[in-house]
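Just below is one structure, and these are the notes that go with it.
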Amino acid sequence: MNLHIINTGNFKLDGGAMFGVVPKSLWQRTNPADEKNMCTWSMRCLLIEDGDRLTLIDNGIGNKQDAKFFSYYYLHGDASLDRSLHKAGFDRTDVTDMFLTHLHFDHCGGGVDYVGDNKERLELHFPNAKYWSNQDHWKWATEPNARERASFLKENILPMQDSGQLEFVDLQGASPFSQFDIHTVDGHTDKQMLPKIKYKDQTIVFMADLLPSVGHIPLPYVMGYDTRPLITLQEKKAFLEEAADNEYVLFLEHDAVNECCTVKRTERGVKLDRTFPLKEIL
């Protein structure tokens, strides 16, 4: 089995929104903001190559929305979904499984394209792939609450079902992937799925939005975007303790600087142990 980082570009989000009730004087130590209070975040995805199965975890923001939409998020950087796939030696037609941690636009927007300049027609970016979600989260995303409605864009989501390529993970059963188990969390959004990848003698966990960056390791550092912040606190505490005890490698989707980290128990709770690039363990 081989792992490949698929960088899809960077964007910016308001630092206050990303750290909730934590004062800027604290969070800016790890995530400095610009003059508009915006911090840079990556959209770092992961490709698992295993035999004849090529599984991509998340796919970034895509390029369907208009200039006004993108003006809110300051997209920047040279990386893109397709360029990163090609750099890894693959084409979008090679992907067999498109696994989506959840359906917020910065995690699934790259999976659906407009057909040329026709804004009325949509097609899947990965024509040969199964697109994986779960029934609970799908219902949550297609019948969105007012708080999350702006993050669940129908043009990113409904074409998966219309294509016939949508599959649901049975969260009560065994993982449909031999390469990873699935850990679910409900604080950020309902039934977000975090792959726990079995790689050599290690467990690599794709952290998605349970832990966007190393700056979010302290328990109170919870995003304002989370729908159930107190549940996030409980989920993060339990998971970080498990990660420390089992020496998990945490793969960070949104940290603009650090690809991976480990954590350790201390007298003051679980703290950052070290950061490193993924290639260090490949």
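Each chain in the structure tokens gets a letter, A, B and so on, in the order shown; residues start at 1 in every chain, and ligands are counted from 1 in the order they appear.
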
Exercise. DSSP on the backbone, then: every residue of stretch 111-251 of chain A marked helix (DSSP H, G or I), written as a PyMOL selection string.
Key: chain A and resi 111+135-142+154-162+214-216+229-246

Contacts of stretch 28-44 of chain A within 10 Å, only C-alpha atoms, excl. fewer than 5 positions in-chain, as a short mmCIF file (atom, residue, chain, number, x, y, z; two decimals) with N, CA, C and O atoms, in the first residue's frame:
```cif
data_model
loop_
_atom_site.label_atom_id
_atom_site.label_comp_id
_atom_site.auth_asym_id
_atom_site.auth_seq_id
_atom_site.Cartn_x
_atom_site.Cartn_y
_atom_site.Cartn_z
N ILE A 5 0.08 12.38 -0.76
CA ILE A 5 -0.61 13.63 -0.41
C ILE A 5 -1.12 14.28 -1.68
O ILE A 5 -0.41 14.39 -2.68
N ILE A 6 -2.38 14.70 -1.66
CA ILE A 6 -3.00 15.41 -2.79
C ILE A 6 -3.36 16.81 -2.29
O ILE A 6 -4.38 17.01 -1.62
N ASN A 7 -2.48 17.76 -2.59
CA ASN A 7 -2.74 19.15 -2.20
C ASN A 7 -3.68 19.78 -3.24
O ASN A 7 -3.41 19.73 -4.43
N THR A 8 -4.76 20.38 -2.77
CA THR A 8 -5.73 20.98 -3.70
C THR A 8 -5.74 22.50 -3.63
O THR A 8 -6.59 23.14 -4.24
N GLY A 9 -4.79 23.09 -2.89
CA GLY A 9 -4.73 24.54 -2.77
C GLY A 9 -5.01 25.01 -1.36
O GLY A 9 -5.38 24.23 -0.47
N ASN A 10 -4.85 26.31 -1.16
CA ASN A 10 -5.08 26.93 0.14
C ASN A 10 -6.23 27.92 0.06
O ASN A 10 -6.56 28.43 -1.02
N PHE A 11 -6.84 28.18 1.20
CA PHE A 11 -7.86 29.21 1.29
C PHE A 11 -7.74 29.91 2.62
O PHE A 11 -6.89 29.55 3.45
N LYS A 12 -8.54 30.95 2.82
CA LYS A 12 -8.49 31.68 4.08
C LYS A 12 -9.87 31.69 4.74
O LYS A 12 -10.90 31.75 4.07
N LEU A 13 -9.84 31.61 6.06
CA LEU A 13 -11.05 31.72 6.87
C LEU A 13 -10.75 32.64 8.04
O LEU A 13 -9.60 32.75 8.49
N ASP A 14 -11.79 33.26 8.56
CA ASP A 14 -11.66 34.16 9.69
C ASP A 14 -11.11 33.42 10.91
O ASP A 14 -11.62 32.37 11.30
N GLY A 15 -10.07 33.99 11.51
CA GLY A 15 -9.45 33.34 12.65
C GLY A 15 -10.39 33.17 13.83
O GLY A 15 -10.37 32.15 14.52
N GLY A 16 -11.23 34.16 14.08
CA GLY A 16 -12.19 34.04 15.17
C GLY A 16 -13.16 32.91 14.95
O GLY A 16 -13.50 32.17 15.89
N ALA A 17 -13.62 32.74 13.71
CA ALA A 17 -14.53 31.64 13.41
C ALA A 17 -13.85 30.30 13.59
O ALA A 17 -14.47 29.32 14.01
N MET A 18 -12.55 30.24 13.29
CA MET A 18 -11.84 28.97 13.38
C MET A 18 -11.48 28.58 14.81
O MET A 18 -11.19 27.42 15.08
N PHE A 19 -11.51 29.55 15.72
CA PHE A 19 -11.12 29.24 17.10
C PHE A 19 -12.20 29.57 18.13
O PHE A 19 -11.96 29.47 19.33
N PRO A 23 -9.45 33.77 22.64
CA PRO A 23 -9.02 35.10 22.22
C PRO A 23 -7.94 35.04 21.14
O PRO A 23 -7.09 34.13 21.12
N ILE A 57 -9.35 10.46 -0.24
CA ILE A 57 -10.10 10.97 0.91
C ILE A 57 -10.23 12.48 0.77
O ILE A 57 -9.24 13.21 0.81
N ASP A 58 -11.45 12.95 0.57
CA ASP A 58 -11.81 14.34 0.34
C ASP A 58 -11.19 14.86 -0.96
O ASP A 58 -10.30 14.23 -1.55
N ASN A 59 -11.68 16.01 -1.45
CA ASN A 59 -11.21 16.50 -2.75
C ASN A 59 -11.17 18.02 -2.88
O ASN A 59 -11.07 18.54 -3.99
N GLY A 60 -11.24 18.74 -1.77
CA GLY A 60 -11.08 20.18 -1.83
C GLY A 60 -12.32 20.94 -2.25
O GLY A 60 -13.43 20.41 -2.26
N ILE A 61 -12.14 22.19 -2.62
CA ILE A 61 -13.25 23.12 -2.82
C ILE A 61 -13.79 23.12 -4.25
O ILE A 61 -14.91 23.57 -4.49
N TYR A 73 -13.08 33.59 0.22
CA TYR A 73 -12.18 32.55 0.73
C TYR A 73 -10.73 32.69 0.24
O TYR A 73 -9.89 31.89 0.65
N TYR A 74 -10.46 33.66 -0.62
CA TYR A 74 -9.08 34.00 -0.97
C TYR A 74 -8.25 32.77 -1.36
O TYR A 74 -7.18 32.51 -0.79
N LEU A 75 -8.73 32.03 -2.34
CA LEU A 75 -7.99 30.86 -2.79
C LEU A 75 -6.62 31.26 -3.30
O LEU A 75 -6.47 32.25 -4.02
N HIS A 76 -5.59 30.48 -2.92
CA HIS A 76 -4.24 30.80 -3.37
C HIS A 76 -3.37 29.55 -3.33
O HIS A 76 -3.75 28.51 -2.78
N GLY A 77 -2.20 29.66 -3.95
CA GLY A 77 -1.28 28.53 -4.04
C GLY A 77 -1.29 27.92 -5.43
O GLY A 77 -2.24 28.09 -6.20
N ALA A 79 -0.99 24.60 -6.10
CA ALA A 79 -1.49 23.23 -6.14
C ALA A 79 -2.95 23.18 -6.58
O ALA A 79 -3.73 24.10 -6.33
N SER A 80 -3.30 22.10 -7.26
CA SER A 80 -4.69 21.83 -7.60
C SER A 80 -4.91 20.34 -7.54
O SER A 80 -3.97 19.54 -7.51
N LEU A 81 -6.18 19.95 -7.52
CA LEU A 81 -6.54 18.54 -7.42
C LEU A 81 -5.91 17.73 -8.54
O LEU A 81 -5.21 16.73 -8.29
N ASP A 106 -15.69 22.68 1.27
CA ASP A 106 -14.23 22.63 1.15
C ASP A 106 -13.69 21.20 1.22
O ASP A 106 -12.48 20.99 1.11
N HIS A 107 -14.59 20.24 1.39
CA HIS A 107 -14.19 18.83 1.45
C HIS A 107 -14.70 18.03 0.27
O HIS A 107 -14.16 16.96 -0.04
N ALA A 208 -9.57 15.46 9.31
CA ALA A 208 -10.66 16.30 8.79
C ALA A 208 -10.90 17.48 9.72
O ALA A 208 -9.98 18.19 10.08
N PRO A 212 -8.49 20.47 12.94
CA PRO A 212 -8.04 21.12 11.71
C PRO A 212 -6.55 21.40 11.66
O PRO A 212 -5.95 21.39 10.59
N SER A 213 -5.93 21.69 12.83
CA SER A 213 -4.52 22.07 12.85
C SER A 213 -3.95 21.74 14.22
O SER A 213 -4.69 21.45 15.17
N VAL A 214 -2.63 21.84 14.35
CA VAL A 214 -2.03 21.63 15.66
C VAL A 214 -2.48 22.72 16.63
O VAL A 214 -2.49 22.50 17.85
N GLY A 215 -2.86 23.87 16.10
CA GLY A 215 -3.37 24.93 16.96
C GLY A 215 -4.68 24.60 17.63
O GLY A 215 -5.09 25.31 18.56
N HIS A 216 -5.34 23.54 17.20
CA HIS A 216 -6.62 23.13 17.78
C HIS A 216 -6.50 22.00 18.80
O HIS A 216 -7.51 21.48 19.27
N PHE A 251 -2.99 12.96 10.61
CA PHE A 251 -2.82 13.63 9.32
C PHE A 251 -3.74 14.83 9.29
O PHE A 251 -4.97 14.70 9.44
N LEU A 252 -3.17 16.01 9.07
CA LEU A 252 -3.90 17.27 9.23
C LEU A 252 -4.33 17.82 7.88
O LEU A 252 -3.49 18.24 7.07
N GLU A 253 -5.63 17.87 7.65
CA GLU A 253 -6.15 18.33 6.37
C GLU A 253 -6.01 19.83 6.18
O GLU A 253 -5.75 20.30 5.06
N HIS A 254 -6.17 20.60 7.25
CA HIS A 254 -6.25 22.05 7.11
C HIS A 254 -5.05 22.83 7.62
O HIS A 254 -4.97 24.04 7.42
N ASP A 255 -4.11 22.18 8.27
CA ASP A 255 -2.94 22.89 8.79
C ASP A 255 -2.06 23.31 7.62
O ASP A 255 -1.55 22.48 6.88
N ALA A 256 -1.85 24.61 7.45
CA ALA A 256 -1.12 25.11 6.29
C ALA A 256 0.37 24.83 6.37
O ALA A 256 1.07 24.91 5.35
N VAL A 257 0.88 24.50 7.55
CA VAL A 257 2.31 24.29 7.75
C VAL A 257 2.65 22.82 8.01
O VAL A 257 3.61 22.29 7.44
N ASN A 258 1.88 22.18 8.84
CA ASN A 258 2.20 20.84 9.32
C ASN A 258 1.32 19.78 8.69
O ASN A 258 0.10 19.86 8.75
N GLU A 259 1.96 18.76 8.09
CA GLU A 259 1.21 17.67 7.49
C GLU A 259 0.74 16.66 8.54
O GLU A 259 -0.40 16.19 8.47
#
```

Leaving out A:Val112 and any residue of its chain fewer than 2 positions from it, which residues lie within 10 Å of it when counting only C-alpha atoms, given as an mmCIF file with all heavy atoms, in the first residue's frame?
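Below is the file around_26.cif, written as the result:
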```cif
data_model
loop_
_atom_site.group_PDB
_atom_site.id
_atom_site.type_symbol
_atom_site.label_atom_id
_atom_site.label_comp_id
_atom_site.auth_asym_id
_atom_site.auth_seq_id
_atom_site.Cartn_x
_atom_site.Cartn_y
_atom_site.Cartn_z
ATOM 1 N N ASN A 59 -11.677 16.015 -1.446
ATOM 2 C CA ASN A 59 -11.207 16.495 -2.748
ATOM 3 C C ASN A 59 -11.166 18.017 -2.882
ATOM 4 O O ASN A 59 -11.067 18.543 -3.990
ATOM 5 C CB ASN A 59 -12.045 15.873 -3.873
ATOM 6 C CG ASN A 59 -13.534 16.153 -3.732
ATOM 7 O OD1 ASN A 59 -13.950 17.294 -3.511
ATOM 8 N ND2 ASN A 59 -14.361 15.119 -3.868
ATOM 9 N N ILE A 61 -12.136 22.192 -2.623
ATOM 10 C CA ILE A 61 -13.245 23.121 -2.822
ATOM 11 C C ILE A 61 -13.788 23.120 -4.249
ATOM 12 O O ILE A 61 -14.911 23.568 -4.492
ATOM 13 C CB ILE A 61 -12.799 24.541 -2.415
ATOM 14 C CG1 ILE A 61 -13.997 25.445 -2.102
ATOM 15 C CG2 ILE A 61 -11.898 25.169 -3.479
ATOM 16 C CD1 ILE A 61 -13.600 26.758 -1.424
ATOM 17 N N GLY A 62 -12.993 22.654 -5.215
ATOM 18 C CA GLY A 62 -13.444 22.670 -6.605
ATOM 19 C C GLY A 62 -13.383 24.060 -7.213
ATOM 20 O O GLY A 62 -12.785 24.989 -6.661
ATOM 21 N N ASN A 63 -14.018 24.212 -8.379
ATOM 22 C CA ASN A 63 -13.949 25.498 -9.088
ATOM 23 C C ASN A 63 -15.287 25.927 -9.688
ATOM 24 O O ASN A 63 -15.327 26.735 -10.601
ATOM 25 C CB ASN A 63 -12.884 25.425 -10.188
ATOM 26 C CG ASN A 63 -13.145 24.291 -11.174
ATOM 27 O OD1 ASN A 63 -14.234 23.701 -11.205
ATOM 28 N ND2 ASN A 63 -12.137 23.960 -11.968
ATOM 29 N N LYS A 64 -16.391 25.380 -9.162
ATOM 30 C CA LYS A 64 -17.703 25.657 -9.778
ATOM 31 C C LYS A 64 -18.297 27.007 -9.415
ATOM 32 O O LYS A 64 -19.035 27.593 -10.202
ATOM 33 C CB LYS A 64 -18.711 24.561 -9.370
ATOM 34 C CG LYS A 64 -18.411 23.198 -9.941
ATOM 35 C CD LYS A 64 -19.536 22.228 -9.639
ATOM 36 C CE LYS A 64 -19.774 22.012 -8.173
ATOM 37 N NZ LYS A 64 -18.557 21.558 -7.457
ATOM 38 N N CYS A 108 -15.738 18.523 -0.403
ATOM 39 C CA CYS A 108 -16.341 17.711 -1.474
ATOM 40 C C CYS A 108 -16.540 18.465 -2.783
ATOM 41 O O CYS A 108 -16.973 17.871 -3.768
ATOM 42 C CB CYS A 108 -17.679 17.135 -1.009
ATOM 43 S SG CYS A 108 -19.028 18.336 -0.911
ATOM 44 N N GLY A 109 -16.221 19.767 -2.826
ATOM 45 C CA GLY A 109 -16.527 20.565 -4.021
ATOM 46 C C GLY A 109 -15.789 20.128 -5.263
ATOM 47 O O GLY A 109 -16.272 20.337 -6.384
ATOM 48 N N GLY A 110 -14.596 19.528 -5.091
ATOM 49 C CA GLY A 110 -13.828 19.085 -6.241
ATOM 50 C C GLY A 110 -14.347 17.824 -6.893
ATOM 51 O O GLY A 110 -13.831 17.413 -7.937
ATOM 52 N N TYR A 114 -18.979 21.445 -13.557
ATOM 53 C CA TYR A 114 -19.874 21.855 -14.631
ATOM 54 C C TYR A 114 -19.381 21.237 -15.933
ATOM 55 O O TYR A 114 -18.175 21.021 -16.121
ATOM 56 C CB TYR A 114 -19.922 23.373 -14.762
ATOM 57 C CG TYR A 114 -20.675 24.079 -13.664
ATOM 58 C CD1 TYR A 114 -20.075 25.067 -12.892
ATOM 59 C CD2 TYR A 114 -22.003 23.753 -13.419
ATOM 60 C CE1 TYR A 114 -20.775 25.712 -11.882
ATOM 61 C CE2 TYR A 114 -22.708 24.393 -12.406
ATOM 62 C CZ TYR A 114 -22.090 25.364 -11.646
ATOM 63 O OH TYR A 114 -22.785 25.989 -10.653
ATOM 64 N N VAL A 115 -20.283 20.955 -16.832
ATOM 65 C CA VAL A 115 -19.915 20.438 -18.146
ATOM 66 C C VAL A 115 -19.531 21.618 -19.029
ATOM 67 O O VAL A 115 -20.397 22.355 -19.517
ATOM 68 C CB VAL A 115 -21.067 19.631 -18.773
ATOM 69 C CG1 VAL A 115 -20.655 19.120 -20.157
ATOM 70 C CG2 VAL A 115 -21.455 18.457 -17.873
ATOM 71 N N LEU A 122 -24.124 19.155 -14.786
ATOM 72 C CA LEU A 122 -23.065 18.770 -13.856
ATOM 73 C C LEU A 122 -22.656 17.332 -14.115
ATOM 74 O O LEU A 122 -23.475 16.500 -14.501
ATOM 75 C CB LEU A 122 -23.548 18.917 -12.410
ATOM 76 C CG LEU A 122 -23.833 20.345 -11.941
ATOM 77 C CD1 LEU A 122 -24.785 20.341 -10.762
ATOM 78 C CD2 LEU A 122 -22.532 21.050 -11.559
ATOM 79 N N GLU A 123 -21.380 17.039 -13.878
ATOM 80 C CA GLU A 123 -20.888 15.672 -14.018
ATOM 81 C C GLU A 123 -19.869 15.403 -12.920
ATOM 82 O O GLU A 123 -19.270 16.333 -12.361
ATOM 83 C CB GLU A 123 -20.255 15.461 -15.393
ATOM 84 C CG GLU A 123 -19.032 16.323 -15.641
ATOM 85 C CD GLU A 123 -18.453 16.151 -17.030
ATOM 86 O OE1 GLU A 123 -19.043 15.402 -17.828
ATOM 87 O OE2 GLU A 123 -17.395 16.767 -17.312
ATOM 88 N N LEU A 124 -19.663 14.139 -12.609
ATOM 89 C CA LEU A 124 -18.707 13.783 -11.574
ATOM 90 C C LEU A 124 -17.277 13.922 -12.094
ATOM 91 O O LEU A 124 -16.961 13.532 -13.215
ATOM 92 C CB LEU A 124 -18.948 12.356 -11.090
ATOM 93 C CG LEU A 124 -20.312 12.087 -10.438
ATOM 94 C CD1 LEU A 124 -20.312 10.717 -9.757
ATOM 95 C CD2 LEU A 124 -20.691 13.166 -9.431
ATOM 96 N N HIS A 125 -16.433 14.463 -11.247
ATOM 97 C CA HIS A 125 -15.027 14.649 -11.629
ATOM 98 C C HIS A 125 -14.303 13.315 -11.737
ATOM 99 O O HIS A 125 -13.329 13.195 -12.491
ATOM 100 C CB HIS A 125 -14.332 15.535 -10.597
ATOM 101 C CG HIS A 125 -12.975 16.006 -11.014
ATOM 102 N ND1 HIS A 125 -12.783 16.940 -12.000
ATOM 103 C CD2 HIS A 125 -11.724 15.642 -10.583
ATOM 104 C CE1 HIS A 125 -11.479 17.155 -12.156
ATOM 105 N NE2 HIS A 125 -10.815 16.374 -11.321
ATOM 106 N N PHE A 126 -14.763 12.327 -10.975
ATOM 107 C CA PHE A 126 -14.149 11.002 -10.984
ATOM 108 C C PHE A 126 -15.154 10.019 -11.594
ATOM 109 O O PHE A 126 -15.954 9.404 -10.886
ATOM 110 C CB PHE A 126 -13.755 10.591 -9.572
ATOM 111 C CG PHE A 126 -12.827 11.584 -8.912
ATOM 112 C CD1 PHE A 126 -13.307 12.501 -7.984
ATOM 113 C CD2 PHE A 126 -11.485 11.612 -9.245
ATOM 114 C CE1 PHE A 126 -12.455 13.415 -7.392
ATOM 115 C CE2 PHE A 126 -10.624 12.540 -8.655
ATOM 116 C CZ PHE A 126 -11.108 13.446 -7.735
ATOM 117 N N PRO A 127 -15.139 9.866 -12.908
ATOM 118 C CA PRO A 127 -16.212 9.132 -13.591
ATOM 119 C C PRO A 127 -16.270 7.653 -13.268
ATOM 120 O O PRO A 127 -17.317 7.027 -13.439
ATOM 121 C CB PRO A 127 -15.896 9.360 -15.078
ATOM 122 C CG PRO A 127 -14.429 9.644 -15.117
ATOM 123 C CD PRO A 127 -14.137 10.405 -13.855
ATOM 124 N N GLU A 155 -25.191 21.692 -5.572
ATOM 125 C CA GLU A 155 -24.467 21.343 -6.792
ATOM 126 C C GLU A 155 -23.240 20.478 -6.510
ATOM 127 O O GLU A 155 -22.722 19.803 -7.403
ATOM 128 C CB GLU A 155 -24.057 22.601 -7.567
ATOM 129 C CG GLU A 155 -23.135 23.547 -6.836
ATOM 130 C CD GLU A 155 -23.866 24.635 -6.060
ATOM 131 O OE1 GLU A 155 -25.009 24.398 -5.606
ATOM 132 O OE2 GLU A 155 -23.290 25.732 -5.909
ATOM 133 N N ASN A 156 -22.755 20.492 -5.264
ATOM 134 C CA ASN A 156 -21.656 19.620 -4.864
ATOM 135 C C ASN A 156 -22.125 18.227 -4.476
ATOM 136 O O ASN A 156 -21.316 17.290 -4.458
ATOM 137 C CB ASN A 156 -20.915 20.202 -3.655
ATOM 138 C CG ASN A 156 -20.047 21.386 -4.006
ATOM 139 O OD1 ASN A 156 -19.672 21.569 -5.155
ATOM 140 N ND2 ASN A 156 -19.722 22.189 -3.010
ATOM 141 N N ILE A 157 -23.405 18.101 -4.120
ATOM 142 C CA ILE A 157 -23.880 16.905 -3.436
ATOM 143 C C ILE A 157 -24.821 16.059 -4.289
ATOM 144 O O ILE A 157 -24.582 14.858 -4.494
ATOM 145 C CB ILE A 157 -24.572 17.319 -2.113
ATOM 146 C CG1 ILE A 157 -23.560 18.018 -1.182
ATOM 147 C CG2 ILE A 157 -25.203 16.121 -1.424
ATOM 148 C CD1 ILE A 157 -24.171 18.640 0.050
ATOM 149 N N LEU A 158 -25.867 16.665 -4.804
ATOM 150 C CA LEU A 158 -26.909 15.884 -5.473
ATOM 151 C C LEU A 158 -26.440 15.128 -6.706
ATOM 152 O O LEU A 158 -26.945 14.024 -6.972
ATOM 153 C CB LEU A 158 -28.089 16.794 -5.813
ATOM 154 C CG LEU A 158 -28.806 17.419 -4.607
ATOM 155 C CD1 LEU A 158 -29.991 18.267 -5.073
ATOM 156 C CD2 LEU A 158 -29.267 16.347 -3.618
ATOM 157 N N PRO A 159 -25.477 15.640 -7.496
ATOM 158 C CA PRO A 159 -25.024 14.857 -8.649
ATOM 159 C C PRO A 159 -24.446 13.496 -8.295
ATOM 160 O O PRO A 159 -24.457 12.583 -9.136
ATOM 161 C CB PRO A 159 -23.968 15.761 -9.295
ATOM 162 C CG PRO A 159 -24.399 17.145 -8.932
ATOM 163 C CD PRO A 159 -24.909 17.010 -7.529
ATOM 164 N N MET A 160 -23.943 13.337 -7.084
ATOM 165 C CA MET A 160 -23.437 12.017 -6.680
ATOM 166 C C MET A 160 -24.562 10.987 -6.718
ATOM 167 O O MET A 160 -24.396 9.867 -7.215
ATOM 168 C CB MET A 160 -22.859 12.082 -5.263
ATOM 169 C CG MET A 160 -21.749 13.060 -5.056
ATOM 170 S SD MET A 160 -21.221 12.997 -3.316
ATOM 171 C CE MET A 160 -20.529 14.641 -3.124
#
```

Exercise. Have a look at A:Pro229, A:Gly116, A:Gly173, A:Gly89 and name the one nearest to A:Asn134; count only C-alpha atoms.
Key: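 Closest candidate: A:Gly173.
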
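If you count only C-alpha atoms and ignore residues fewer than 2 places along the chain from A:Leu278, what sits within 12 Å of it is Asn2, Leu3, His4, Ile5, Ile6, Arg44, Cys45, Leu46, Tyr199, Ile204, Val205, Phe206, Val249, Leu250, Phe251, Leu252, Glu253, Asn258, Glu259, Cys260, Cys261, Thr262, Thr275, Phe276, Glu280, Ile281 and Leu282 of chain A.
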
Practice problem: Measuring atom to atom with only C-alpha atoms, identify which of A:Gln65, A:Thr55, A:Asn128, A:Asn118 is nearest to A:Asp97. | Solution: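 Closest to A:Asp97, using only C-alpha atoms: A:Thr55.
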
Quiz item: Could you pull the residues within 9 Å of stretch 234-244 of chain A, counting only C-alpha atoms, minus those fewer than 6 positions along the same chain, as a ChimeraX atom specification?
Solution: /A:185-187,205,210-211,217,219,250,262-265,269-271,273

Residues of the last selection are to be written out with all heavy atoms, as a short mmCIF file (atom, residue, chain, number, x, y, z; two decimals), in the first residue's frame.
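As written to disk, again-v2.cif reads:
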```
data_model
loop_
_atom_site.label_atom_id
_atom_site.label_comp_id
_atom_site.auth_asym_id
_atom_site.auth_seq_id
_atom_site.Cartn_x
_atom_site.Cartn_y
_atom_site.Cartn_z
N VAL A 185 -17.68 11.11 14.35
CA VAL A 185 -17.84 12.16 15.35
C VAL A 185 -19.00 13.06 14.93
O VAL A 185 -19.29 13.21 13.74
CB VAL A 185 -16.53 12.99 15.51
CG1 VAL A 185 -15.48 12.19 16.27
CG2 VAL A 185 -15.99 13.43 14.17
N ASP A 186 -19.64 13.69 15.91
CA ASP A 186 -20.87 14.44 15.66
C ASP A 186 -20.83 15.90 16.06
O ASP A 186 -21.81 16.62 15.86
CB ASP A 186 -22.04 13.78 16.42
CG ASP A 186 -22.31 12.36 15.96
OD1 ASP A 186 -22.40 12.14 14.74
OD2 ASP A 186 -22.42 11.47 16.83
N GLY A 187 -19.72 16.37 16.61
CA GLY A 187 -19.70 17.74 17.10
C GLY A 187 -19.65 18.79 16.01
O GLY A 187 -20.35 19.80 16.08
N VAL A 205 -4.43 8.63 11.19
CA VAL A 205 -5.83 9.06 11.24
C VAL A 205 -5.98 10.36 10.47
O VAL A 205 -5.29 11.36 10.73
CB VAL A 205 -6.32 9.26 12.68
CG1 VAL A 205 -7.82 9.55 12.69
CG2 VAL A 205 -6.01 8.02 13.53
N LEU A 210 -12.26 17.37 12.93
CA LEU A 210 -12.17 17.19 14.37
C LEU A 210 -10.94 17.91 14.90
O LEU A 210 -10.97 18.52 15.97
CB LEU A 210 -12.09 15.71 14.75
CG LEU A 210 -11.94 15.44 16.25
CD1 LEU A 210 -13.15 15.95 17.04
CD2 LEU A 210 -11.70 13.95 16.53
N LEU A 211 -9.85 17.89 14.13
CA LEU A 211 -8.63 18.59 14.50
C LEU A 211 -8.06 19.25 13.24
O LEU A 211 -7.24 18.67 12.54
CB LEU A 211 -7.61 17.61 15.10
CG LEU A 211 -6.42 18.27 15.81
CD1 LEU A 211 -6.87 18.83 17.17
CD2 LEU A 211 -5.28 17.29 15.98
N ILE A 217 -5.27 21.61 19.16
CA ILE A 217 -5.11 20.52 20.13
C ILE A 217 -5.65 20.89 21.51
O ILE A 217 -6.32 20.07 22.15
CB ILE A 217 -3.65 20.06 20.18
CG1 ILE A 217 -3.28 19.35 18.87
CG2 ILE A 217 -3.40 19.13 21.37
CD1 ILE A 217 -1.81 19.00 18.74
N LEU A 219 -8.08 21.66 24.34
CA LEU A 219 -9.50 21.30 24.30
C LEU A 219 -10.44 22.48 24.04
O LEU A 219 -11.39 22.35 23.25
CB LEU A 219 -9.89 20.58 25.59
CG LEU A 219 -9.29 19.19 25.77
CD1 LEU A 219 -9.79 18.58 27.07
CD2 LEU A 219 -9.60 18.28 24.59
N LEU A 250 -1.38 11.70 13.30
CA LEU A 250 -2.55 12.49 12.95
C LEU A 250 -2.26 13.27 11.68
O LEU A 250 -1.36 14.13 11.65
CB LEU A 250 -2.93 13.44 14.10
CG LEU A 250 -3.07 12.78 15.47
CD1 LEU A 250 -3.53 13.80 16.50
CD2 LEU A 250 -4.00 11.58 15.43
N THR A 262 2.06 14.04 16.21
CA THR A 262 1.71 13.08 17.25
C THR A 262 1.44 13.88 18.52
O THR A 262 1.85 15.05 18.65
CB THR A 262 2.83 12.06 17.49
OG1 THR A 262 4.06 12.76 17.76
CG2 THR A 262 3.00 11.14 16.29
N VAL A 263 0.76 13.24 19.47
CA VAL A 263 0.45 13.89 20.74
C VAL A 263 0.89 12.99 21.89
O VAL A 263 1.13 11.79 21.70
CB VAL A 263 -1.06 14.22 20.86
CG1 VAL A 263 -1.47 15.29 19.86
CG2 VAL A 263 -1.92 12.96 20.69
N LYS A 264 1.00 13.58 23.07
CA LYS A 264 1.45 12.83 24.24
C LYS A 264 0.68 13.30 25.47
O LYS A 264 0.21 14.44 25.54
CB LYS A 264 2.95 13.03 24.46
CG LYS A 264 3.35 14.48 24.71
CD LYS A 264 4.85 14.64 24.82
CE LYS A 264 5.24 16.12 25.02
NZ LYS A 264 6.71 16.29 25.08
N ARG A 265 0.55 12.41 26.43
CA ARG A 265 -0.07 12.78 27.72
C ARG A 265 0.95 13.55 28.57
O ARG A 265 2.14 13.21 28.59
CB ARG A 265 -0.51 11.54 28.48
CG ARG A 265 -1.78 10.88 27.94
CD ARG A 265 -2.19 9.76 28.87
NE ARG A 265 -3.34 9.02 28.41
CZ ARG A 265 -4.59 9.25 28.84
NH1 ARG A 265 -4.83 10.23 29.70
NH2 ARG A 265 -5.58 8.49 28.42
N GLY A 269 -2.68 17.44 30.68
CA GLY A 269 -3.52 16.93 29.61
C GLY A 269 -2.70 16.56 28.39
O GLY A 269 -1.47 16.60 28.40
N VAL A 270 -3.39 16.22 27.32
CA VAL A 270 -2.72 15.83 26.08
C VAL A 270 -2.19 17.07 25.38
O VAL A 270 -2.90 18.06 25.20
CB VAL A 270 -3.69 15.06 25.16
CG1 VAL A 270 -3.02 14.77 23.81
CG2 VAL A 270 -4.13 13.76 25.83
N LYS A 271 -0.92 17.00 24.99
CA LYS A 271 -0.25 18.11 24.33
C LYS A 271 0.38 17.63 23.02
O LYS A 271 0.54 16.43 22.79
CB LYS A 271 0.84 18.70 25.23
CG LYS A 271 0.36 19.17 26.59
CD LYS A 271 -0.51 20.41 26.50
CE LYS A 271 -0.90 20.92 27.88
NZ LYS A 271 -1.78 22.10 27.82
N ASP A 273 3.16 16.55 20.64
CA ASP A 273 4.45 15.89 20.80
C ASP A 273 5.42 16.41 19.75
O ASP A 273 6.36 17.14 20.06
CB ASP A 273 4.26 14.37 20.69
CG ASP A 273 5.56 13.60 20.86
OD1 ASP A 273 6.52 14.17 21.41
OD2 ASP A 273 5.61 12.43 20.43
#
```

Quiz item: Between A:Leu166, A:Pro218, A:Pro195, A:Asp201, which has the minimum distance to A:Leu272 (counting only C-alpha atoms)?
Solution: A:Pro218
